[in-house]
Amino acid sequence: MLADGKGVRQMSRQNRLALLTSGVVLLLGLGAGLSRLHWRKQLHLRPGSSVWRLRYEVEFQAGKAGAQVVAGVPEGTSSCRLFRQKLSHSGMRQVLVRNKTADSLEVICQARKPGRYRLLAEYDLHYAPAANNRHLPARTVLTTPSRAHYLREERYIQVSDPTVLRALARLSSQTGGKKDALAGAVLRHCHREIGVVHGSGGEDAATALGGGGVNALGQARAMVALCRAAKLPARLVTGFVLAPSRQTTVHNWVEVFTGQGWQSYDPLFGYAGEVPATYLPVQRNGATIAVAKEGAVGLKSAFSLSQLPPPPGLNDSATPQLRDIFDLTRLPLSLQRTLAVILLLPLGALFTCLFRNLVGLQTFGTFTPSLIALSLYHADWRIGLAVLALIFLLGLLSRAFIERLKLLMVPRLSILLTLVVLALVFGLSAMVQLGISQSAEAVVLPLVIMTMLIERFHLAEQEDGPPFAIKLFLQTLVVTYGCFLLLAWQSLGWFLLIYPEFHCLTLAAMIWVGRYAGYRLTELWRFRDLVASRQSGGPGA
């Protein structure tokens with residue numbers, strides 16, 4: 001009795017401590033949330049700063065499954081940062097990739113079946129003029145393949161055309177063959193000597209240098225062709241100018257790789273070495289914002305650029321402050337997208353706790369469902385599940401054979417990992433052959449987790465029998481599906497990015513779940529006959 005009383009008192013103290021801890025955590029979260037709300041209301045734009053919204057409307061006809069439209073994504077500059085993005089489409093698979101050759105970010109939308117498709121994209125930008133207004137890419141070292149890429153001849157950039165070579169010979173004689181001065185001479189020639197016909201005209205370099213009427217795109221291509229003919233790597237840049245206008249038009253300018261790295265030139269307005277801070281690059285080494293590929297036809301694109309009132313919470317501080325560390329919205333959008341998913345993982349862990357401690361489902365490992373759901377989030381979940389089943393089946397069959405070899409654990413797991421990798425690679429190859437997928441992201445799963453999952457399944461099968469192992473695997477899939485639904489809740493992820501202190505509520509919930517010592521739902525179902533017998537006054541009463 002004394003021991004029981006001591007245990008009851010100890011449990012009571014632990015319950016009070018858990019209640020106190022959860023209360024403190026909730027108060028801290030509430031205080032941090034109220035402080036953030038007040039902070040977000042106090043921020044204002046500095047003089048000269050502004051907020052803009054760039055909007056795409058892209059339509060195309062998919063002649064077959066797998067047809068694609070590739071659209072450039074504005075990544076911002078030293079004076080303009082992208083802080084919010086919204087993409088909407090139906091019936092397409094979306095992949096965000098970096099074009100390493102062009103040093104640009106692109107979104108690829110792939111049709112699942114033939115038909116008419118529409119992509120709507122909105123990008124919110126914060127413009128704040130900085131001391132350095134140059135639009136220079138981060139990479140300043142040009143590799144040999146990249147140099148050859150930016151010196152090559154293209155359909156509309158005729159590097160070896162006699163007209164281009166004659167114009168280059170005249171400019172070279174004027175500069176004495178000095179390459180550091182040649183880019184400026186080429187700019188002045190294109191700006192002054194090439195007549196631009198707005199709204200119509202040719203679009204290739206040879207026509208521009210031959211005296212024919214060209215538009216601004218043809219003028220920019222003429223400068224690219226002259227620079228490449230002079231062995232100066234050059235590329236076309238396509239983007240927008242942040243300025244009020246009744247009609248939003250795409251603007252083209254040129255980047256030339258010199259001894260000082262990439263430098264910007266605008267032959268239409270005569271800017272040399274740098275362009276105004278209001279220039280927003282979207283596509284490098286491309287003349288259009290959106291391109292149709294893989295059987296997509298009838299592409300129609302419309303763009304609009306409008307100025308917005310400053311949204312609450314926009315950080316426009318002239319000098320960095322310590323509290324900026326806690327403002328995740330100031331980070332680059334590419335990093336925000338990743339953090340918005342990572343911030344959902346604690347909710348996946350809470351979901352797993354609820355199912356294990358309250359419902360009574362068991363899983364292979366505590367975090368396995370969340371991590372598998374994370375991999376499926378970045379893929380087509382139907383294809384991911386198919387590959388998951390294929391790899392799991394292959395792993396089980398091979399694991400049964402490997403067990404007969406009586407190997408040590410590390411070599412055994414290494415063999416399983418090798419077989420999982422081979423199954424993944426050939427599964428991807430089969431999907432490409434069947435036209436189901438063209439991207440590795442569609443099937444990449446956490447290979448180490450899969451290997452350990454196969455190992456745990458086999459151990460459960462040996463210790464408790466095949467029915468128990470299969471039941472455990474199915475319960476893991478149920479929890480994984482719930483975690484996947486949480487990770488796919490994008491609006492919740494962006495909310496947590498703005499208010500990460502919301503996870504104080506998550507921590508408090510985990511504490512409460514961790515102190516629960518009552519019956520689980522599955523136990524109530526398992527002992528339902530005993531409960532019914534007690535209620536009816538039977539033998540077990």
# chains A, B, ... in the order shown; residues from 1 in each chain; ligands from 1
>>> select_by_dssp(residues="segment 204-452 of chain A", states="strand (DSSP E)", output="count of residues only")
44
>>> residues_around(residues="Leu507 of chain A", least_positions_apart="5", cutoff="12 Å", atoms="only C-alpha atoms", output="list in words")
Ala18, Leu19, Thr21, Ser22, Gly23, Val24, Val25, Leu26, Leu27, Leu28, Gly29, Pro346, Leu347, Ala349, Leu350, Cys353, Pro500, Glu501, Phe502, Trp512, Val513 and Gly514 of chain A
>>> residues_around(residues="Glu403 of chain A", least_positions_apart="3", cutoff="12 Å", atoms="only C-alpha atoms", output="number ranges by chain")
A: 395-400, 406-409, 411-413, 415-416, 455, 458-459, 462
>>> closest_atom_pairs(of="segment 4-60 of chain A", to="segment 78-92 of chain A", cutoff="12 Å", atoms="only C-alpha atoms", output="Markdown table")
| residue | atom | partner | partner_atom | distance |
| --- | --- | --- | --- | --- |
| A:Gly48 | CA | A:Ser79 | CA | 11.1 |
| A:Ser49 | CA | A:Ser79 | CA | 9.5 |
| A:Ser50 | CA | A:Cys80 | CA | 9.5 |
| A:Val51 | CA | A:Cys80 | CA | 9.3 |
| A:Trp52 | CA | A:Leu82 | CA | 9.6 |
| A:Arg53 | CA | A:Arg84 | CA | 9.3 |
| A:Leu54 | CA | A:Gln85 | CA | 9.6 |
| A:Arg55 | CA | A:Lys86 | CA | 9.5 |
| A:Tyr56 | CA | A:Leu87 | CA | 9.4 |
| A:Glu57 | CA | A:Ser88 | CA | 10.1 |
| A:Val58 | CA | A:His89 | CA | 9.9 |
| A:Glu59 | CA | A:His89 | CA | 10.2 |
| A:Phe60 | CA | A:Met92 | CA | 11.8 |
>>> write_last_selection(atoms="all heavy atoms", output="mmCIF file, in the first residue's frame")
data_model
loop_
_atom_site.group_PDB
_atom_site.id
_atom_site.type_symbol
_atom_site.label_atom_id
_atom_site.label_comp_id
_atom_site.auth_asym_id
_atom_site.auth_seq_id
_atom_site.Cartn_x
_atom_site.Cartn_y
_atom_site.Cartn_z
ATOM 1 N N GLY A 48 11.351 55.340 -51.957
ATOM 2 C CA GLY A 48 11.998 54.728 -53.121
ATOM 3 C C GLY A 48 11.716 53.253 -53.269
ATOM 4 O O GLY A 48 11.951 52.679 -54.324
ATOM 5 N N SER A 49 11.209 52.595 -52.201
ATOM 6 C CA SER A 49 10.873 51.175 -52.270
ATOM 7 C C SER A 49 9.449 51.009 -52.788
ATOM 8 O O SER A 49 8.618 51.910 -52.673
ATOM 9 C CB SER A 49 11.015 50.526 -50.901
ATOM 10 O OG SER A 49 12.352 50.609 -50.437
ATOM 11 N N SER A 50 9.173 49.835 -53.321
ATOM 12 C CA SER A 50 7.842 49.551 -53.849
ATOM 13 C C SER A 50 7.630 48.045 -53.901
ATOM 14 O O SER A 50 8.579 47.256 -53.813
ATOM 15 C CB SER A 50 7.652 50.167 -55.236
ATOM 16 O OG SER A 50 8.670 49.729 -56.126
ATOM 17 N N VAL A 51 6.366 47.639 -54.050
ATOM 18 C CA VAL A 51 5.991 46.231 -54.141
ATOM 19 C C VAL A 51 5.259 46.025 -55.459
ATOM 20 O O VAL A 51 4.390 46.821 -55.834
ATOM 21 C CB VAL A 51 5.096 45.813 -52.958
ATOM 22 C CG1 VAL A 51 4.663 44.360 -53.082
ATOM 23 C CG2 VAL A 51 5.827 46.025 -51.641
ATOM 24 N N TRP A 52 5.629 44.945 -56.168
ATOM 25 C CA TRP A 52 5.080 44.676 -57.493
ATOM 26 C C TRP A 52 4.571 43.240 -57.561
ATOM 27 O O TRP A 52 5.064 42.352 -56.849
ATOM 28 C CB TRP A 52 6.151 44.890 -58.576
ATOM 29 C CG TRP A 52 6.681 46.280 -58.616
ATOM 30 C CD1 TRP A 52 7.654 46.817 -57.809
ATOM 31 C CD2 TRP A 52 6.272 47.330 -59.482
ATOM 32 N NE1 TRP A 52 7.875 48.119 -58.129
ATOM 33 C CE2 TRP A 52 7.041 48.472 -59.162
ATOM 34 C CE3 TRP A 52 5.330 47.424 -60.513
ATOM 35 C CZ2 TRP A 52 6.895 49.681 -59.824
ATOM 36 C CZ3 TRP A 52 5.192 48.628 -61.180
ATOM 37 C CH2 TRP A 52 5.945 49.733 -60.838
ATOM 38 N N ARG A 53 3.613 43.035 -58.443
ATOM 39 C CA ARG A 53 3.115 41.684 -58.717
ATOM 40 C C ARG A 53 3.253 41.401 -60.210
ATOM 41 O O ARG A 53 2.691 42.105 -61.052
ATOM 42 C CB ARG A 53 1.661 41.517 -58.305
ATOM 43 C CG ARG A 53 1.046 40.169 -58.732
ATOM 44 C CD ARG A 53 -0.266 39.904 -58.021
ATOM 45 N NE ARG A 53 -0.036 39.679 -56.589
ATOM 46 C CZ ARG A 53 -1.006 39.605 -55.690
ATOM 47 N NH1 ARG A 53 -2.277 39.745 -56.067
ATOM 48 N NH2 ARG A 53 -0.730 39.387 -54.417
ATOM 49 N N LEU A 54 4.013 40.355 -60.517
ATOM 50 C CA LEU A 54 4.183 39.894 -61.889
ATOM 51 C C LEU A 54 3.285 38.677 -62.089
ATOM 52 O O LEU A 54 3.364 37.715 -61.324
ATOM 53 C CB LEU A 54 5.647 39.531 -62.151
ATOM 54 C CG LEU A 54 5.987 38.944 -63.512
ATOM 55 C CD1 LEU A 54 5.662 39.914 -64.637
ATOM 56 C CD2 LEU A 54 7.459 38.538 -63.567
ATOM 57 N N ARG A 55 2.459 38.707 -63.116
ATOM 58 C CA ARG A 55 1.474 37.656 -63.341
ATOM 59 C C ARG A 55 1.645 37.055 -64.724
ATOM 60 O O ARG A 55 1.798 37.777 -65.711
ATOM 61 C CB ARG A 55 0.058 38.233 -63.188
ATOM 62 C CG ARG A 55 -1.072 37.225 -63.394
ATOM 63 C CD ARG A 55 -2.429 37.901 -63.239
ATOM 64 N NE ARG A 55 -3.535 37.019 -63.609
ATOM 65 C CZ ARG A 55 -4.137 36.180 -62.784
ATOM 66 N NH1 ARG A 55 -3.739 36.107 -61.526
ATOM 67 N NH2 ARG A 55 -5.136 35.413 -63.183
ATOM 68 N N TYR A 56 1.667 35.708 -64.785
ATOM 69 C CA TYR A 56 1.708 34.962 -66.045
ATOM 70 C C TYR A 56 0.344 34.312 -66.283
ATOM 71 O O TYR A 56 -0.273 33.803 -65.348
ATOM 72 C CB TYR A 56 2.720 33.808 -66.012
ATOM 73 C CG TYR A 56 4.167 34.144 -65.800
ATOM 74 C CD1 TYR A 56 5.117 33.125 -65.688
ATOM 75 C CD2 TYR A 56 4.618 35.450 -65.721
ATOM 76 C CE1 TYR A 56 6.450 33.393 -65.491
ATOM 77 C CE2 TYR A 56 5.957 35.726 -65.517
ATOM 78 C CZ TYR A 56 6.870 34.701 -65.394
ATOM 79 O OH TYR A 56 8.193 34.971 -65.204
ATOM 80 N N GLU A 57 -0.066 34.296 -67.531
ATOM 81 C CA GLU A 57 -1.190 33.469 -67.973
ATOM 82 C C GLU A 57 -0.737 32.722 -69.223
ATOM 83 O O GLU A 57 -0.550 33.327 -70.273
ATOM 84 C CB GLU A 57 -2.428 34.323 -68.278
ATOM 85 C CG GLU A 57 -3.025 34.994 -67.054
ATOM 86 C CD GLU A 57 -4.320 35.715 -67.372
ATOM 87 O OE1 GLU A 57 -4.929 35.382 -68.408
ATOM 88 O OE2 GLU A 57 -4.712 36.608 -66.608
ATOM 89 N N VAL A 58 -0.532 31.430 -69.082
ATOM 90 C CA VAL A 58 0.022 30.614 -70.170
ATOM 91 C C VAL A 58 -0.969 29.512 -70.509
ATOM 92 O O VAL A 58 -1.418 28.781 -69.611
ATOM 93 C CB VAL A 58 1.390 30.005 -69.774
ATOM 94 C CG1 VAL A 58 1.961 29.191 -70.919
ATOM 95 C CG2 VAL A 58 2.361 31.109 -69.358
ATOM 96 N N GLU A 59 -1.299 29.375 -71.786
ATOM 97 C CA GLU A 59 -2.181 28.317 -72.265
ATOM 98 C C GLU A 59 -1.489 27.548 -73.385
ATOM 99 O O GLU A 59 -0.732 28.124 -74.173
ATOM 100 C CB GLU A 59 -3.508 28.892 -72.779
ATOM 101 C CG GLU A 59 -4.365 29.553 -71.713
ATOM 102 C CD GLU A 59 -5.698 30.011 -72.264
ATOM 103 O OE1 GLU A 59 -5.957 29.763 -73.462
ATOM 104 O OE2 GLU A 59 -6.476 30.622 -71.507
ATOM 105 N N PHE A 60 -1.769 26.242 -73.462
ATOM 106 C CA PHE A 60 -1.198 25.432 -74.542
ATOM 107 C C PHE A 60 -2.047 24.184 -74.740
ATOM 108 O O PHE A 60 -2.836 23.803 -73.864
ATOM 109 C CB PHE A 60 0.261 25.057 -74.254
ATOM 110 C CG PHE A 60 0.441 24.041 -73.152
ATOM 111 C CD1 PHE A 60 0.640 22.696 -73.433
ATOM 112 C CD2 PHE A 60 0.414 24.440 -71.830
ATOM 113 C CE1 PHE A 60 0.805 21.772 -72.424
ATOM 114 C CE2 PHE A 60 0.576 23.525 -70.799
ATOM 115 C CZ PHE A 60 0.774 22.189 -71.104
#
>>> residues_around(residues="Ile372 of chain A", least_positions_apart="4", cutoff="9 Å", atoms="only C-alpha atoms", output="list of chain:residue names")
A:Phe367, A:Thr368, A:Leu376, A:Tyr377, A:Leu445, A:Pro446, A:Ile449, A:Met450, A:Thr480, A:Cys483, A:Phe484
>>> write_last_selection(atoms="N, CA and C atoms", output="PDB file, in the first residue's frame")
ATOM      1  N   PHE A 367       9.744   7.855 -36.926  1.00  0.00           N
ATOM      2  CA  PHE A 367       9.747   8.904 -37.944  1.00  0.00           C
ATOM      3  C   PHE A 367       9.710   8.360 -39.365  1.00  0.00           C
ATOM      4  N   THR A 368       9.663   7.042 -39.514  1.00  0.00           N
ATOM      5  CA  THR A 368       9.622   6.466 -40.861  1.00  0.00           C
ATOM      6  C   THR A 368       8.422   6.948 -41.670  1.00  0.00           C
ATOM      7  N   LEU A 376       7.384  11.241 -50.872  1.00  0.00           N
ATOM      8  CA  LEU A 376       6.246  11.184 -51.784  1.00  0.00           C
ATOM      9  C   LEU A 376       5.714  12.575 -52.102  1.00  0.00           C
ATOM     10  N   TYR A 377       5.910  13.527 -51.192  1.00  0.00           N
ATOM     11  CA  TYR A 377       5.446  14.893 -51.426  1.00  0.00           C
ATOM     12  C   TYR A 377       6.147  15.512 -52.627  1.00  0.00           C
ATOM     13  N   LEU A 445      13.061   7.936 -53.595  1.00  0.00           N
ATOM     14  CA  LEU A 445      12.613   7.696 -52.232  1.00  0.00           C
ATOM     15  C   LEU A 445      13.839   7.620 -51.324  1.00  0.00           C
ATOM     16  N   PRO A 446      13.663   7.805 -50.030  1.00  0.00           N
ATOM     17  CA  PRO A 446      14.812   7.702 -49.121  1.00  0.00           C
ATOM     18  C   PRO A 446      15.335   6.270 -49.088  1.00  0.00           C
ATOM     19  N   ILE A 449      16.162   4.618 -45.717  1.00  0.00           N
ATOM     20  CA  ILE A 449      14.948   4.280 -44.973  1.00  0.00           C
ATOM     21  C   ILE A 449      14.317   3.018 -45.537  1.00  0.00           C
ATOM     22  N   MET A 450      14.269   2.920 -46.861  1.00  0.00           N
ATOM     23  CA  MET A 450      13.697   1.729 -47.475  1.00  0.00           C
ATOM     24  C   MET A 450      14.496   0.486 -47.105  1.00  0.00           C
ATOM     25  N   THR A 480       1.565   6.811 -42.811  1.00  0.00           N
ATOM     26  CA  THR A 480       2.293   7.537 -43.859  1.00  0.00           C
ATOM     27  C   THR A 480       1.348   8.367 -44.711  1.00  0.00           C
ATOM     28  N   CYS A 483       0.404  11.460 -42.817  1.00  0.00           N
ATOM     29  CA  CYS A 483       1.516  12.421 -42.833  1.00  0.00           C
ATOM     30  C   CYS A 483       1.640  13.087 -44.195  1.00  0.00           C
ATOM     31  N   PHE A 484       1.387  12.326 -45.263  1.00  0.00           N
ATOM     32  CA  PHE A 484       1.456  12.899 -46.606  1.00  0.00           C
ATOM     33  C   PHE A 484       0.408  14.000 -46.795  1.00  0.00           C
TER      34      PHE A 484
END
>>> closest_residue(among="A:Leu125, A:Ile342, A:Val359, A:Val107", to="Pro309 of chain A", atoms="only C-alpha atoms")
A:Leu125
>>> closest_residue(among="A:Ala71, A:Val164, A:Ala469, A:Leu417", to="Leu120 of chain A", atoms="only C-alpha atoms")
A:Ala71
>>> residues_around(residues="Leu472 of chain A", least_positions_apart="2", cutoff="10 Å", atoms="only C-alpha atoms", output="ChimeraX atom specification")
/A:361-364,457,460-461,466-470,474-478
>>> write_last_selection(atoms="N, CA and C atoms", output="mmCIF file, in the first residue's frame")
data_model
loop_
_atom_site.group_PDB
_atom_site.id
_atom_site.type_symbol
_atom_site.label_atom_id
_atom_site.label_comp_id
_atom_site.auth_asym_id
_atom_site.auth_seq_id
_atom_site.Cartn_x
_atom_site.Cartn_y
_atom_site.Cartn_z
ATOM 1 N N LEU A 361 -2.179 2.184 -33.268
ATOM 2 C CA LEU A 361 -1.498 1.610 -34.434
ATOM 3 C C LEU A 361 0.001 1.575 -34.197
ATOM 4 N N GLN A 362 0.655 0.579 -34.757
ATOM 5 C CA GLN A 362 2.100 0.444 -34.650
ATOM 6 C C GLN A 362 2.737 0.702 -36.014
ATOM 7 N N THR A 363 3.964 1.205 -35.990
ATOM 8 C CA THR A 363 4.671 1.517 -37.237
ATOM 9 C C THR A 363 6.102 1.022 -37.147
ATOM 10 N N PHE A 364 6.727 0.881 -38.304
ATOM 11 C CA PHE A 364 8.156 0.565 -38.356
ATOM 12 C C PHE A 364 8.935 1.846 -38.061
ATOM 13 N N PHE A 457 11.093 -5.336 -41.429
ATOM 14 C CA PHE A 457 9.995 -6.223 -41.801
ATOM 15 C C PHE A 457 10.415 -7.678 -41.665
ATOM 16 N N ALA A 460 10.629 -8.619 -38.001
ATOM 17 C CA ALA A 460 9.286 -8.803 -37.442
ATOM 18 C C ALA A 460 8.661 -10.110 -37.918
ATOM 19 N N GLU A 461 8.927 -10.458 -39.167
ATOM 20 C CA GLU A 461 8.396 -11.713 -39.713
ATOM 21 C C GLU A 461 8.997 -12.909 -38.997
ATOM 22 N N PRO A 466 4.611 -13.908 -40.269
ATOM 23 C CA PRO A 466 4.246 -13.078 -41.425
ATOM 24 C C PRO A 466 2.977 -12.257 -41.228
ATOM 25 N N PRO A 467 1.898 -12.788 -40.618
ATOM 26 C CA PRO A 467 0.689 -11.954 -40.465
ATOM 27 C C PRO A 467 0.956 -10.674 -39.673
ATOM 28 N N PHE A 468 1.725 -10.789 -38.581
ATOM 29 C CA PHE A 468 2.027 -9.609 -37.778
ATOM 30 C C PHE A 468 2.858 -8.600 -38.569
ATOM 31 N N ALA A 469 3.864 -9.083 -39.330
ATOM 32 C CA ALA A 469 4.714 -8.184 -40.108
ATOM 33 C C ALA A 469 3.904 -7.455 -41.184
ATOM 34 N N ILE A 470 3.009 -8.186 -41.852
ATOM 35 C CA ILE A 470 2.169 -7.544 -42.877
ATOM 36 C C ILE A 470 1.233 -6.517 -42.248
ATOM 37 N N LEU A 474 1.085 -2.509 -43.107
ATOM 38 C CA LEU A 474 -0.135 -1.808 -43.515
ATOM 39 C C LEU A 474 -0.432 -0.634 -42.583
ATOM 40 N N GLN A 475 -0.219 -0.819 -41.285
ATOM 41 C CA GLN A 475 -0.428 0.284 -40.348
ATOM 42 C C GLN A 475 0.566 1.421 -40.608
ATOM 43 N N THR A 476 1.791 1.068 -40.979
ATOM 44 C CA THR A 476 2.772 2.099 -41.338
ATOM 45 C C THR A 476 2.307 2.887 -42.548
ATOM 46 N N LEU A 477 1.707 2.199 -43.537
ATOM 47 C CA LEU A 477 1.204 2.888 -44.725
ATOM 48 C C LEU A 477 0.052 3.823 -44.372
ATOM 49 N N VAL A 478 -0.816 3.424 -43.447
ATOM 50 C CA VAL A 478 -1.934 4.280 -43.038
ATOM 51 C C VAL A 478 -1.417 5.572 -42.418
#
>>> residues_around(residues="Thr258 of chain A", least_positions_apart="2", cutoff="10 Å", atoms="only C-alpha atoms", output="number ranges by chain")
A: 140, 179-180, 183, 232-234, 255-256, 260-263
>>> write_last_selection(atoms="N, CA and C atoms", output="CSV table (one decimal), in the first residue's frame")
chain,number,residue,atom,x,y,z
A,140,THR,N,30.8,33.6,-61.4
A,140,THR,CA,31.6,34.4,-62.2
A,140,THR,C,32.8,33.7,-62.9
A,179,LYS,N,40.0,43.5,-76.7
A,179,LYS,CA,38.7,42.9,-76.3
A,179,LYS,C,38.0,43.7,-75.2
A,180,ASP,N,38.8,44.3,-74.3
A,180,ASP,CA,38.1,45.0,-73.2
A,180,ASP,C,37.4,46.2,-73.7
A,183,ALA,N,33.5,45.3,-76.4
A,183,ALA,CA,32.1,45.2,-76.0
A,183,ALA,C,31.4,46.5,-76.0
A,232,LEU,N,34.0,36.6,-77.4
A,232,LEU,CA,33.5,37.1,-76.1
A,232,LEU,C,32.2,36.3,-75.8
A,233,PRO,N,32.2,35.5,-74.8
A,233,PRO,CA,30.9,34.8,-74.4
A,233,PRO,C,29.8,35.8,-74.1
A,234,ALA,N,28.7,35.6,-74.7
A,234,ALA,CA,27.5,36.5,-74.6
A,234,ALA,C,26.2,35.7,-74.6
A,255,GLU,N,24.1,40.0,-71.7
A,255,GLU,CA,25.2,39.9,-70.8
A,255,GLU,C,26.4,39.4,-71.5
A,256,VAL,N,27.5,40.0,-71.3
A,256,VAL,CA,28.8,39.7,-71.9
A,256,VAL,C,29.8,39.3,-70.8
A,260,GLN,N,36.0,41.1,-66.0
A,260,GLN,CA,35.3,41.4,-64.7
A,260,GLN,C,34.1,40.5,-64.4
A,261,GLY,N,33.9,39.4,-65.2
A,261,GLY,CA,32.7,38.6,-65.1
A,261,GLY,C,31.6,39.0,-66.0
A,262,TRP,N,30.4,38.6,-65.7
A,262,TRP,CA,29.3,38.9,-66.5
A,262,TRP,C,28.9,40.4,-66.3
A,263,GLN,N,28.8,41.1,-67.4
A,263,GLN,CA,28.4,42.5,-67.4
A,263,GLN,C,27.1,42.7,-68.3
>>> atom_distance(atom1="atom CA of Tyr279 of chain A", atom2="atom CA of Leu242 of chain A")
6.5 Å
>>> atom_distance(atom1="atom CA of Gln490 of chain A", atom2="atom CA of Ala340 of chain A")
7.6 Å
>>> residues_around(residues="segment 188-203 of chain A", least_positions_apart="5", cutoff="12 Å", atoms="only C-alpha atoms", output="ChimeraX atom specification")
/A:155-158,164,167-168,170-172,174,181-183,208-227,249-254,265-272,287
>>> closest_residue(among="A:Cys109, A:Asp204, A:Ala509, A:Arg9", to="Ala290 of chain A", atoms="only C-alpha atoms")
A:Cys109
>>> closest_residue(among="A:Arg356, A:Lys100, A:His149, A:Arg456", to="Tyr519 of chain A", atoms="only C-alpha atoms")
A:Arg356
>>> closest_residue(among="A:Val237, A:Val282, A:Leu487, A:Leu394", to="Leu422 of chain A", atoms="only C-alpha atoms")
A:Leu394
